[in-house]
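Asker: Pasting model33.cif here (mmCIF, C-alpha atoms and all ligand atoms):
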```cif
data_my_file
#
loop_
_atom_site.label_atom_id
_atom_site.label_comp_id
_atom_site.auth_asym_id
_atom_site.auth_seq_id
_atom_site.Cartn_x
_atom_site.Cartn_y
_atom_site.Cartn_z
CA MET A 15 0.00 0.00 0.00
CA ALA A 16 1.17 3.53 -0.74
CA TYR A 17 2.15 5.92 2.06
CA LEU A 18 -1.15 7.81 1.82
CA THR A 19 -4.21 6.18 0.33
CA LEU A 20 -7.50 7.93 -0.39
CA ARG A 21 -10.10 5.43 -1.46
CA GLY A 22 -13.54 6.49 -2.66
CA ILE A 23 -13.48 9.64 -0.54
CA ASN A 24 -16.66 11.75 -0.53
CA LYS A 25 -17.64 14.88 1.32
CA ILE A 26 -21.25 15.78 1.86
CA TYR A 27 -21.58 18.90 4.01
CA PRO A 28 -24.31 19.06 6.67
CA ASN A 29 -26.40 21.26 4.36
CA GLY A 30 -26.45 18.37 1.87
CA PHE A 31 -23.92 19.85 -0.57
CA HIS A 32 -21.82 17.10 -2.15
CA ALA A 33 -18.43 18.84 -2.42
CA VAL A 34 -16.13 15.90 -3.22
CA HIS A 35 -17.09 12.81 -5.23
CA ASP A 36 -15.29 9.48 -5.12
CA PHE A 37 -11.74 10.81 -4.77
CA ASN A 38 -9.10 8.09 -5.29
CA LEU A 39 -5.38 8.65 -4.96
CA GLU A 40 -2.26 6.84 -3.80
CA ILE A 41 0.62 9.04 -2.68
CA GLU A 42 4.16 7.74 -2.21
CA LYS A 43 6.38 8.86 0.65
CA GLY A 44 8.17 12.10 -0.16
CA GLU A 45 6.00 13.01 -3.14
CA PHE A 46 4.96 16.61 -3.82
CA ILE A 47 1.32 16.47 -4.90
CA VAL A 48 -0.61 19.52 -6.07
CA PHE A 49 -4.41 19.74 -6.13
CA VAL A 50 -5.37 22.30 -8.76
CA GLY A 51 -8.67 23.60 -10.10
CA SER A 52 -10.91 26.65 -10.11
CA SER A 53 -12.28 28.09 -6.90
CA GLY A 54 -14.95 25.89 -5.33
CA CYS A 55 -13.93 22.61 -6.99
CA GLY A 56 -13.26 20.84 -3.68
CA LYS A 57 -9.49 21.16 -3.24
CA SER A 58 -9.53 22.61 0.28
CA THR A 59 -12.28 20.27 1.39
CA THR A 60 -10.16 17.29 0.33
CA LEU A 61 -7.07 18.71 2.02
CA ARG A 62 -9.02 19.38 5.21
CA MET A 63 -10.28 15.79 5.23
CA ILE A 64 -6.66 14.63 4.97
CA ALA A 65 -5.70 16.98 7.81
CA GLY A 66 -8.52 15.72 10.01
CA LEU A 67 -10.19 19.14 10.14
CA GLU A 68 -13.26 17.88 8.27
CA ASN A 69 -14.77 14.45 8.67
CA ILE A 70 -14.86 12.07 5.71
CA SER A 71 -18.49 11.38 4.77
CA ASN A 72 -17.71 8.26 2.81
CA GLY A 73 -14.60 6.33 1.83
CA GLU A 74 -11.36 5.35 3.48
CA PHE A 75 -8.17 7.20 4.27
CA TYR A 76 -4.97 5.37 5.22
CA ILE A 77 -1.67 6.71 6.48
CA ASN A 78 1.14 4.19 6.14
CA GLY A 79 -1.34 1.36 5.78
CA GLU A 80 -3.32 2.31 8.89
CA ARG A 81 -6.88 3.54 8.70
CA ALA A 82 -6.87 7.20 9.71
CA ASN A 83 -10.51 8.29 9.21
CA GLU A 84 -11.14 8.44 12.94
CA LYS A 85 -7.76 9.93 13.91
CA GLY A 86 -7.62 13.52 15.12
CA PRO A 87 -5.38 16.10 13.42
CA ARG A 88 -2.58 15.67 15.98
CA GLU A 89 -2.49 11.88 15.71
CA ARG A 90 -2.08 12.08 11.94
CA GLY A 91 1.33 13.72 12.13
CA VAL A 92 0.48 16.50 9.71
CA ALA A 93 1.40 20.19 9.69
CA MET A 94 -0.63 22.69 7.73
CA VAL A 95 0.09 26.11 6.24
CA PHE A 96 -2.96 28.18 5.41
CA GLN A 97 -3.57 31.04 3.01
CA SER A 98 -4.07 33.50 5.85
CA TYR A 99 -1.15 32.79 8.13
CA ALA A 100 -1.75 34.55 11.42
CA LEU A 101 1.62 35.16 13.02
CA TYR A 102 1.57 36.39 16.62
CA PRO A 103 2.14 40.13 16.06
CA HIS A 104 3.71 40.86 19.44
CA MET A 105 6.16 37.95 19.26
CA THR A 106 9.54 37.93 17.53
CA VAL A 107 10.24 35.57 14.65
CA TYR A 108 12.14 33.37 17.12
CA ASP A 109 9.12 33.11 19.43
CA ASN A 110 6.70 32.64 16.58
CA LEU A 111 8.76 29.66 15.44
CA ALA A 112 9.28 28.32 18.97
CA PHE A 113 5.75 28.75 20.27
CA GLY A 114 4.25 25.46 19.08
CA LEU A 115 7.15 23.46 20.52
CA MET A 116 6.92 25.38 23.83
CA LEU A 117 3.26 24.40 24.11
CA GLN A 118 4.27 20.78 23.56
CA GLY A 119 6.72 21.07 26.45
CA VAL A 120 9.83 20.48 24.34
CA ASP A 121 13.10 21.30 26.17
CA ASP A 122 14.47 24.81 25.64
CA ASP A 123 17.81 23.66 24.21
CA VAL A 124 16.05 21.40 21.71
CA ILE A 125 13.76 24.28 20.76
CA GLU A 126 16.73 26.57 20.25
CA LYS A 127 18.47 24.07 17.98
CA ARG A 128 15.35 23.54 15.92
CA VAL A 129 14.60 27.26 15.62
CA TYR A 130 18.12 27.89 14.33
CA SER A 131 18.08 25.00 11.87
CA THR A 132 14.62 25.98 10.60
CA ALA A 133 15.67 29.61 10.25
CA GLU A 134 18.72 28.44 8.34
CA ILE A 135 16.63 26.47 5.84
CA LEU A 136 14.35 29.46 5.34
CA GLY A 137 17.00 32.18 5.27
CA LEU A 138 15.54 33.82 8.39
CA THR A 139 18.58 33.66 10.66
CA ASP A 140 19.15 37.42 10.48
CA TYR A 141 15.53 38.18 11.29
CA LEU A 142 14.95 36.12 14.43
CA GLU A 143 14.67 39.16 16.70
CA ARG A 144 12.26 41.05 14.46
CA LEU A 145 8.54 41.40 14.89
CA PRO A 146 6.24 40.30 12.05
CA ARG A 147 5.43 43.91 11.12
CA GLU A 148 9.14 44.48 10.46
CA LEU A 149 9.17 41.79 7.75
CA SER A 150 8.18 41.75 4.09
CA GLY A 151 5.18 39.67 2.98
CA GLY A 152 7.48 36.98 1.65
CA GLN A 153 9.47 36.82 4.89
CA ARG A 154 6.26 36.58 6.93
CA GLN A 155 5.12 33.72 4.75
CA ARG A 156 8.45 32.01 5.32
CA VAL A 157 7.89 32.25 9.08
CA ALA A 158 4.47 30.66 8.58
CA VAL A 159 6.08 27.82 6.62
CA GLY A 160 8.77 27.61 9.32
CA ARG A 161 6.17 27.13 12.04
CA ALA A 162 4.93 24.09 10.17
CA ILE A 163 8.29 22.50 9.29
CA ILE A 164 9.75 23.02 12.78
CA ARG A 165 7.39 20.33 14.00
CA LYS A 166 9.29 17.78 11.91
CA VAL A 167 6.19 16.00 10.74
CA ASP A 168 6.13 13.58 7.83
CA ILE A 169 3.17 15.13 6.05
CA PHE A 170 2.98 18.74 5.05
CA LEU A 171 -0.30 20.28 3.87
CA MET A 172 -0.47 23.71 2.27
CA ASP A 173 -3.61 25.56 1.26
CA GLU A 174 -2.90 28.40 -1.21
CA PRO A 175 0.08 29.52 0.90
CA LEU A 176 1.25 32.10 -1.66
CA SER A 177 -1.99 33.81 -2.57
CA ASN A 178 -1.39 36.84 -0.35
CA LEU A 179 1.97 37.61 -1.94
CA ASP A 180 2.68 39.78 -4.95
CA ALA A 181 3.66 38.17 -8.27
CA LYS A 182 7.41 38.51 -7.74
CA GLN A 183 7.35 37.15 -4.20
CA ARG A 184 5.23 34.23 -5.38
CA VAL A 185 7.88 33.22 -7.90
CA THR A 186 10.61 33.38 -5.24
CA MET A 187 8.60 31.48 -2.64
CA ARG A 188 7.64 28.87 -5.21
CA SER A 189 11.24 27.82 -5.66
CA GLU A 190 11.91 28.13 -1.93
CA ILE A 191 9.08 25.76 -1.08
CA THR A 192 10.39 23.30 -3.68
CA GLN A 193 13.82 23.60 -2.07
CA ILE A 194 12.41 23.09 1.45
CA HIS A 195 10.58 20.02 0.20
CA ARG A 196 13.83 18.66 -1.16
CA GLU A 197 15.60 19.30 2.15
CA THR A 198 12.91 17.96 4.48
CA GLY A 199 11.72 15.12 2.25
CA ALA A 200 8.23 15.47 3.78
CA THR A 201 5.31 14.18 1.77
CA THR A 202 3.58 17.37 0.67
CA ILE A 203 0.08 18.13 -0.57
CA TYR A 204 -0.31 21.63 -1.91
CA VAL A 205 -3.56 23.29 -2.96
CA THR A 206 -3.65 26.06 -5.55
CA HIS A 207 -5.88 27.49 -8.30
CA ASP A 208 -2.74 28.58 -10.16
CA GLN A 209 -1.69 26.17 -12.90
CA THR A 210 1.81 27.67 -13.08
CA GLU A 211 2.39 26.82 -9.41
CA ALA A 212 1.09 23.33 -10.07
CA MET A 213 3.26 22.82 -13.16
CA THR A 214 6.46 24.14 -11.60
CA MET A 215 6.24 22.52 -8.16
CA ALA A 216 4.47 19.19 -8.46
CA ASP A 217 5.77 15.68 -8.89
CA ARG A 218 2.16 14.86 -9.72
CA ILE A 219 -0.86 17.08 -10.21
CA VAL A 220 -4.49 16.26 -9.42
CA VAL A 221 -6.80 18.38 -11.59
CA MET A 222 -10.27 18.82 -10.06
CA LYS A 223 -13.54 20.24 -11.34
CA ASP A 224 -16.91 20.44 -9.56
CA GLY A 225 -15.79 17.98 -6.87
CA TYR A 226 -14.53 15.37 -9.34
CA VAL A 227 -10.95 14.41 -10.12
CA GLN A 228 -10.40 14.97 -13.84
CA GLN A 229 -6.86 13.64 -14.19
CA VAL A 230 -3.86 12.69 -12.08
CA GLY A 231 -0.44 12.88 -13.67
CA THR A 232 2.97 14.47 -13.95
CA PRO A 233 3.09 18.03 -15.31
CA TYR A 234 4.39 16.56 -18.57
CA ASP A 235 1.47 14.10 -18.81
CA LEU A 236 -1.14 16.75 -18.21
CA TYR A 237 0.35 19.13 -20.74
CA PHE A 238 0.93 16.62 -23.53
CA ASN A 239 -1.69 14.00 -22.77
CA PRO A 240 -4.77 15.72 -21.31
CA VAL A 241 -7.67 13.28 -21.01
CA ASN A 242 -10.40 15.84 -21.69
CA MET A 243 -11.13 19.39 -22.81
CA PHE A 244 -11.17 20.71 -19.25
CA VAL A 245 -7.62 19.58 -18.47
CA ALA A 246 -6.42 20.65 -21.94
CA GLY A 247 -7.88 24.11 -21.39
CA PHE A 248 -6.81 24.46 -17.77
CA ILE A 249 -3.12 23.58 -18.16
CA GLY A 250 -1.19 25.95 -20.40
CA GLU A 251 -1.20 29.71 -20.81
CA PRO A 252 -2.79 31.03 -23.01
CA PRO A 253 -5.08 27.98 -23.00
CA MET A 254 -5.38 25.45 -25.79
CA ASN A 255 -7.39 26.65 -28.82
CA PHE A 256 -10.50 24.69 -29.70
CA ILE A 257 -12.28 24.75 -33.04
CA GLU A 258 -15.62 23.01 -32.86
CA GLY A 259 -17.50 21.46 -35.74
CA GLN A 260 -19.04 18.39 -37.25
CA LEU A 261 -16.84 15.69 -38.68
CA GLU A 262 -17.75 15.06 -42.32
CA ASN A 263 -15.66 12.72 -44.43
CA GLY A 264 -12.84 13.12 -41.90
CA LYS A 265 -12.94 16.91 -42.17
CA ILE A 266 -14.18 19.88 -40.17
CA ARG A 267 -15.38 22.59 -42.54
CA MET A 268 -15.06 26.18 -41.50
CA GLU A 269 -16.06 29.29 -43.46
CA ASN A 270 -12.62 29.73 -45.01
CA ASN A 271 -10.61 26.73 -43.80
CA ILE A 272 -10.89 23.00 -43.99
CA ILE A 273 -9.41 20.95 -41.21
CA ASP A 274 -8.58 17.66 -42.87
CA LEU A 275 -7.86 15.04 -40.26
CA SER A 276 -7.29 12.18 -42.69
CA GLU A 277 -3.52 12.73 -42.59
CA VAL A 278 -3.27 12.70 -38.80
CA ALA A 279 -5.91 10.23 -37.66
CA ASP A 280 -6.52 6.56 -38.38
CA ARG A 281 -9.37 6.01 -40.77
CA SER A 282 -11.09 3.74 -38.24
CA VAL A 283 -11.11 6.60 -35.70
CA LEU A 284 -12.59 9.07 -38.18
CA GLU A 285 -15.22 6.54 -39.25
CA LYS A 286 -16.23 6.02 -35.65
CA TYR A 287 -16.84 9.75 -35.13
CA GLU A 288 -18.22 10.51 -38.62
CA GLY A 289 -21.12 12.95 -38.24
CA SER A 290 -20.29 13.72 -34.59
CA GLU A 291 -19.62 17.10 -33.07
CA VAL A 292 -15.92 17.30 -32.25
CA ALA A 293 -13.42 19.88 -31.06
CA PHE A 294 -10.10 20.25 -32.80
CA GLY A 295 -7.42 21.46 -30.38
CA PHE A 296 -3.95 22.99 -30.65
CA ARG A 297 -1.80 24.93 -28.25
CA PRO A 298 -0.93 28.57 -29.01
CA GLU A 299 2.78 27.81 -28.64
CA ALA A 300 2.70 24.81 -30.98
CA VAL A 301 2.09 26.82 -34.16
CA ARG A 302 4.78 27.78 -36.65
CA ILE A 303 4.78 30.77 -38.90
CA ALA A 304 6.63 30.69 -42.19
CA ASP A 305 8.41 27.47 -41.27
CA LYS A 306 7.63 24.58 -43.54
CA SER A 307 9.69 21.91 -41.80
CA GLY A 308 7.91 18.65 -41.00
CA ASP A 309 4.31 17.61 -41.50
CA ALA A 310 1.83 20.27 -40.51
CA MET A 311 -1.68 21.53 -41.11
CA SER A 312 -2.08 25.06 -42.45
CA LEU A 313 -4.84 27.44 -41.38
CA THR A 314 -5.47 31.02 -42.40
CA GLY A 315 -7.08 33.91 -40.53
CA VAL A 316 -6.94 37.63 -39.96
CA VAL A 317 -4.79 39.17 -37.22
CA GLU A 318 -7.03 41.05 -34.80
CA LEU A 319 -4.65 41.97 -32.02
CA VAL A 320 -0.93 41.66 -31.34
CA GLU A 321 0.41 41.60 -27.78
CA LEU A 322 4.16 41.87 -27.52
CA LEU A 323 5.21 40.31 -24.21
CA GLY A 324 8.97 40.33 -24.70
CA ASP A 325 9.80 36.62 -24.63
CA ASN A 326 6.96 35.94 -27.06
CA THR A 327 4.07 37.60 -28.82
CA ASN A 328 0.42 36.60 -28.49
CA VAL A 329 -1.43 37.00 -31.76
CA TYR A 330 -5.23 36.92 -31.72
CA VAL A 331 -6.54 35.54 -34.98
CA ASP A 332 -10.07 35.58 -36.36
CA MET A 333 -11.03 32.83 -38.76
CA GLN A 334 -14.41 34.23 -39.81
CA GLY A 335 -15.97 34.09 -36.39
CA VAL A 336 -13.73 31.39 -34.89
CA ASN A 337 -11.04 32.90 -32.70
CA CYS A 338 -7.70 31.51 -31.66
CA ILE A 339 -4.47 32.70 -30.07
CA LEU A 340 -1.00 32.02 -31.43
CA LYS A 341 2.10 32.39 -29.29
CA VAL A 342 4.92 33.25 -31.63
CA ASP A 343 8.50 34.47 -31.76
CA PRO A 344 8.55 38.22 -30.95
CA HIS A 345 10.82 38.88 -33.94
CA ILE A 346 8.13 37.81 -36.39
CA SER A 347 6.39 40.95 -37.52
CA MET A 348 2.61 40.81 -37.30
CA GLU A 349 0.20 43.50 -38.30
CA THR A 350 -3.45 43.82 -37.40
CA ASP A 351 -5.99 43.44 -40.17
CA THR A 352 -3.60 41.42 -42.31
CA GLU A 353 -3.94 37.79 -43.22
CA VAL A 354 -1.77 35.20 -41.49
CA THR A 355 -1.19 31.59 -42.42
CA PHE A 356 0.10 29.36 -39.65
CA ASP A 357 1.07 25.72 -39.44
CA ILE A 358 0.18 23.27 -36.72
CA PRO A 359 2.57 20.31 -36.63
CA TYR A 360 0.72 17.02 -36.85
CA GLU A 361 2.09 15.85 -33.52
CA SER A 362 0.54 18.91 -31.81
CA ILE A 363 -3.01 18.22 -32.97
CA TYR A 364 -5.67 17.12 -30.50
CA LEU A 365 -9.23 16.00 -31.02
CA PHE A 366 -12.08 15.80 -28.50
CA ASP A 367 -15.59 14.41 -28.51
CA LYS A 368 -17.71 17.53 -28.05
CA GLN A 369 -20.47 15.62 -26.29
CA THR A 370 -18.40 13.87 -23.61
CA GLU A 371 -15.49 16.38 -23.84
CA LYS A 372 -13.16 13.37 -23.73
CA ARG A 373 -10.04 13.20 -25.83
CA ILE A 374 -10.21 11.12 -28.98
CA LYS A 375 -6.96 9.28 -29.64
CA LEU A 376 -6.04 9.96 -33.26
CA LYS A 377 -4.20 6.71 -33.65
CA GLU A 378 -5.55 3.41 -32.44
CA LYS A 379 -3.02 1.34 -30.62
CA LYS A 380 -1.49 -1.37 -32.75
CA ASP A 381 -1.11 -4.72 -30.99
P1 LIG A 401 -11.74 25.02 -3.31
O1 LIG A 401 -10.75 24.78 -2.24
O2 LIG A 401 -11.48 24.18 -4.53
O3 LIG A 401 -11.92 26.48 -3.68
P2 LIG A 401 -13.66 24.14 -1.34
O4 LIG A 401 -13.20 22.77 -1.03
O5 LIG A 401 -13.35 25.22 -0.38
O6 LIG A 401 -13.18 24.54 -2.81
O7 LIG A 401 -15.23 24.11 -1.54
C1 LIG A 401 -15.87 23.16 -2.38
C2 LIG A 401 -17.35 23.43 -2.38
O8 LIG A 401 -17.90 23.13 -1.11
C3 LIG A 401 -17.72 24.88 -2.66
O9 LIG A 401 -18.85 24.91 -3.49
C4 LIG A 401 -18.03 25.45 -1.30
O10 LIG A 401 -18.99 26.48 -1.38
C5 LIG A 401 -18.61 24.24 -0.58
N1 LIG A 401 -18.39 24.30 0.87
C6 LIG A 401 -17.21 24.53 1.50
N2 LIG A 401 -17.37 24.50 2.84
C7 LIG A 401 -18.69 24.25 3.06
C8 LIG A 401 -19.49 24.08 4.23
N3 LIG A 401 -18.95 24.17 5.44
N4 LIG A 401 -20.81 23.83 4.05
C9 LIG A 401 -21.34 23.72 2.82
N5 LIG A 401 -20.65 23.85 1.67
C10 LIG A 401 -19.34 24.12 1.79
#
```
Go through the file and emit its structure as structure tokens.
Answerer:
Amino acid sequence: MAYLTLRGINKIYPNGFHAVHDFNLEIEKGEFIVFVGSSGCGKSTTLRMIAGLENISNGEFYINGERANEKGPRERGVAMVFQSYALYPHMTVYDNLAFGLMLQGVDDDVIEKRVYSTAEILGLTDYLERLPRELSGGQRQRVAVGRAIIRKVDIFLMDEPLSNLDAKQRVTMRSEITQIHRETGATTIYVTHDQTEAMTMADRIVVMKDGYVQQVGTPYDLYFNPVNMFVAGFIGEPPMNFIEGQLENGKIRMENNIIDLSEVADRSVLEKYEGSEVAFGFRPEAVRIADKSGDAMSLTGVVELVELLGDNTNVYVDMQGVNCILKVDPHISMETDTEVTFDIPYESIYLFDKQTEKRIKLKEKKD
């Protein structure tokens, strides 16, 4: 059995709201797992059930092979960092870090050692005598993380710990938390609505929507092999482009473009979906402009808007009422109201069943 096992976990709140449906996951010791999804999809509820702060309505939760449903938060050996980290304002950083251990009756010399080693990991050694109001937002958040890791628990739970920081601090703290995870080796479950945090920090990501797990996988898996339109649209920035239409003779006909899938998909696949509503998908960054290398599908549209971002340019293209975004090299000159032809490499083409929103594999596996 894995280190943490969630089996058929459900949460039904006392008001009858079913917030989490049949959540299944096995987590190995030392893994960094991120729960990601839009606000209200059940991430915090699941985390709080793992922490023991919310009871599990249905299903089983095991820590190290032992059933933990009935265990209280303390018995589970977890430490949690919340979005709103209330430091004690009248206590120094040292005392804020030491306080939990003092309450547990840990010896002073042990406390001192742990405060110094924790401060060292977090780069807070020079700030131990300061009060929280004398720290930056990022430093305060580090103290909050420090209060959790000083307890030397095996399981670390974090609920949107960076959401109160500005964009720059978030980037710094992101890599610091990854570093702390590497140093402590604690199994970590991290909740965020931010797909960039999920992609950069996770060993594995759990994508949730409306209380249901959509997909569990490595960042690479989710980006290149999304199982449905939700995951495909959620991971990646700008999101994947979708062009919807009916499949006729292996083609999707648009006003001024024809998407011919016969070159990229097995005939058996196209026959199966003939006449169905489908969504053709491609990522903004997958397109090539004026580069004819390799097999690709060409589409043409009119440039509506050009956003120069420095490292790339986002080009908004209108294909007679169907809009898409291309993420291209900033050195390529693009002018609004002119026509652009772009190529989508065959290997970057996705297809989805519009009705179920599930991905359609273009090639059937050969045995
Ligand atoms: P997330 O963390 O993904 O933003 P939450 O787990 O906090 O989502 O909430 C999931 C859903 O459960 C939301 O629709 C929320 O309104 C609902 N919810 C959260 N707490 C309660 C509660 N105590 N009683 C009833 N519904 C709740």
Asker: Output the neighbourhood of ligand LIG 401 (chain A) as number ranges by chain, that is, all protein and nucleic acid residues with some atom at most 10 Å from the ligand, counting only C-alpha atoms and all ligand atoms.
Answerer: A: 25-34, 49-63, 68, 173-174, 205-207, 222-225
Asker: Against range 291-311 of chain A, which residues of range 209-283 of chain A fall within 7 Å? For each one I want the closest pair of atoms and the distance in Å (one decimal), counting all atoms listed in the file, rows by chain and increasing residue number, as CSV.
Answerer:
```
residue,atom,partner,partner_atom,distance
A:Pro252,CA,A:Pro298,CA,6.7
A:Pro253,CA,A:Arg297,CA,6.9
A:Met254,CA,A:Arg297,CA,4.4
A:Asn255,CA,A:Phe296,CA,5.3
A:Phe256,CA,A:Gly295,CA,4.5
A:Ile257,CA,A:Phe294,CA,5.0
A:Glu258,CA,A:Ala293,CA,4.2
A:Gly259,CA,A:Glu291,CA,5.5
A:Gln260,CA,A:Glu291,CA,4.4
A:Leu261,CA,A:Glu291,CA,6.4
```
Asker: Pull the neighbourhood of (-0.8, 37.1, -0.9) for me: all residues within 12 Å in file coordinates, counting only C-alpha atoms, as JSON, numbers by chain.
Answerer: {"A": [96, 97, 98, 99, 150, 151, 152, 153, 154, 155, 174, 175, 176, 177, 178, 179, 180, 181, 182, 183, 184, 185, 187]}
Asker: Do you have the CA of Phe170 in chain A-CA of Asn72 in chain A distance handy?
Answerer: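 Straight-line distance from CA of Phe170 in chain A to CA of Asn72 in chain A works out to 23.3 Å.
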Asker: Any idea what's packed within 10 Å of Thr201 in chain A, counting only C-alpha atoms, ignoring anything in its chain fewer than 5 positions away? Could you give it as a ChimeraX atom specification?
Answerer: /A:17-18,41-47,92,167-171,195
Asker: Step by step: start from the point (-7.7, 1.5, -29.9) in the file's coordinates, keep every protein, DNA or RNA residue that has an atom no farther than 12 Å from it, count all atoms listed in the file, and write the set as a PyMOL selection string.
Answerer: chain A and resi 279-283+286+374-381
Asker: What separation in Å, quoted to one decimal, exists between CA of Gly137 in chain A and CA of Ala112 in chain A?
Answerer: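 Computed distance, CA of Gly137 in chain A to CA of Ala112 in chain A, equals 16.2 Å.
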Asker: So, with all atoms listed in the file as the atoms that count, which of A:Glu197, A:Ser189, A:Met94, A:Asn69 lies closest to Thr132 in chain A?
Answerer: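 Using all atoms listed in the file, the shortest distance to Thr132 in chain A belongs to A:Glu197.
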Asker: Given all atoms listed in the file as the basis, pick out the residue of A:Gly250, A:Phe37, A:Ala200, A:Pro344 nearest to Phe238 in chain A.
Answerer: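 Closest to Phe238 in chain A of all the choices is A:Gly250.
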Asker: Between CA of Met116 in chain A and CA of Gly86 in chain A, what is the distance, to one decimal in Å?
Answerer: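 Computing it gives 20.7 Å between the two atoms.
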Asker: Do you know which residues are at most 7 Å from range 327-343 of chain A counting all atoms listed in the file, after dropping those on the same chain fewer than 5 positions away, and could you put them as a list in words?
Answerer: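 Once the adjacent positions are removed, what remains is Asn255, Glu269, Pro298, Glu299, Val301, Thr314, Gly315, Val316, Val317, Glu318, Leu319, Val320, Glu321 and Leu322 of chain A.
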Asker: Skipping near chain neighbours, those fewer than 3 positions away, what residues fall within 8 Å of Tyr102 in chain A using all atoms listed in the file, listed as a list in words?
Answerer: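 Neighbouring residues, sequence-local ones excluded: Met105, Asn110 and Pro146 of chain A.
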Asker: Which of these residues is nearest to Gln229 in chain A, using all atoms listed in the file: A:Ala158, A:Leu39, A:Ala65, A:Leu117?
Answerer: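 When distances to Gln229 in chain A are compared using all atoms listed in the file, the smallest one comes from A:Leu39.
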Asker: Taking into account only C-alpha atoms, which residue in the set A:Tyr364, A:Ser312, A:Gly324, A:Asp357 is nearest to His345 in chain A?
Answerer: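 Under the stated criterion, the closest residue is A:Gly324.
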Asker: My list of candidates is A:Pro233, A:Pro103, A:Gly199, A:Gly22. Which is closest to Gly73 in chain A when distances are computed with all atoms listed in the file?
Answerer: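 Among the listed residues, the smallest separation from Gly73 in chain A belongs to A:Gly22.
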Asker: Calculated over only C-alpha atoms, which of the candidates A:Glu40, A:Asp109, A:Asp123, A:Asp367 has the smallest distance to Asn78 in chain A?
Answerer: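 Closest to Asn78 in chain A, using only C-alpha atoms: A:Glu40.
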Asker: Considering all atoms listed in the file, return as a list in words whatever protein or nucleic-acid residues lie within 8 Å of Met215 in chain A, sequence-local ones (same chain, fewer than 2 positions apart) excluded.
Answerer: Phe46, Val48, Arg188, Ser189, Thr192, Glu211, Ala212, Met213 and Asp217 of chain A
Asker: Next, dump the selected residues to file, keeping only C-alpha atoms, as a PDB file, in the frame of the given file.
Answerer:
```pdb
ATOM      1  CA  PHE A  46       4.960  16.610  -3.820  1.00  0.00           C
ATOM      2  CA  VAL A  48      -0.610  19.520  -6.070  1.00  0.00           C
ATOM      3  CA  ARG A 188       7.640  28.870  -5.210  1.00  0.00           C
ATOM      4  CA  SER A 189      11.240  27.820  -5.660  1.00  0.00           C
ATOM      5  CA  THR A 192      10.390  23.300  -3.680  1.00  0.00           C
ATOM      6  CA  GLU A 211       2.390  26.820  -9.410  1.00  0.00           C
ATOM      7  CA  ALA A 212       1.090  23.330 -10.070  1.00  0.00           C
ATOM      8  CA  MET A 213       3.260  22.820 -13.160  1.00  0.00           C
ATOM      9  CA  ASP A 217       5.770  15.680  -8.890  1.00  0.00           C
TER      10      ASP A 217
END
```
Asker: Start from the incomplete input, build N, CA and C atoms for range 197-208 of chain A, and deliver everything as a tab-separated table (two decimals), in the coordinates of the input.
Answerer:
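Output below, filename part.tsv:
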```
chain	number	residue	atom	x	y	z
A	197	GLU	N	14.78	19.45	0.94
A	197	GLU	CA	15.60	19.30	2.15
A	197	GLU	C	14.92	18.47	3.23
A	198	THR	N	13.60	18.68	3.40
A	198	THR	CA	12.91	17.96	4.48
A	198	THR	C	12.45	16.57	4.04
A	199	GLY	N	12.20	16.42	2.76
A	199	GLY	CA	11.72	15.12	2.25
A	199	GLY	C	10.31	14.78	2.70
A	200	ALA	N	9.58	15.75	3.29
A	200	ALA	CA	8.23	15.47	3.78
A	200	ALA	C	7.26	15.30	2.62
A	201	THR	N	6.37	14.37	2.76
A	201	THR	CA	5.31	14.18	1.77
A	201	THR	C	4.45	15.44	1.82
A	202	THR	N	4.24	16.06	0.67
A	202	THR	CA	3.58	17.37	0.67
A	202	THR	C	2.35	17.36	-0.24
A	203	ILE	N	1.27	17.91	0.27
A	203	ILE	CA	0.08	18.13	-0.57
A	203	ILE	C	-0.21	19.62	-0.55
A	204	TYR	N	-0.29	20.18	-1.74
A	204	TYR	CA	-0.31	21.63	-1.91
A	204	TYR	C	-1.53	21.99	-2.76
A	205	VAL	N	-2.34	22.90	-2.25
A	205	VAL	CA	-3.56	23.29	-2.96
A	205	VAL	C	-3.37	24.66	-3.62
A	206	THR	N	-3.74	24.77	-4.87
A	206	THR	CA	-3.65	26.06	-5.55
A	206	THR	C	-4.66	26.12	-6.71
A	207	HIS	N	-5.05	27.35	-7.10
A	207	HIS	CA	-5.88	27.49	-8.30
A	207	HIS	C	-4.98	27.88	-9.48
A	208	ASP	N	-3.68	28.02	-9.19
A	208	ASP	CA	-2.74	28.58	-10.16
A	208	ASP	C	-2.00	27.46	-10.89
```
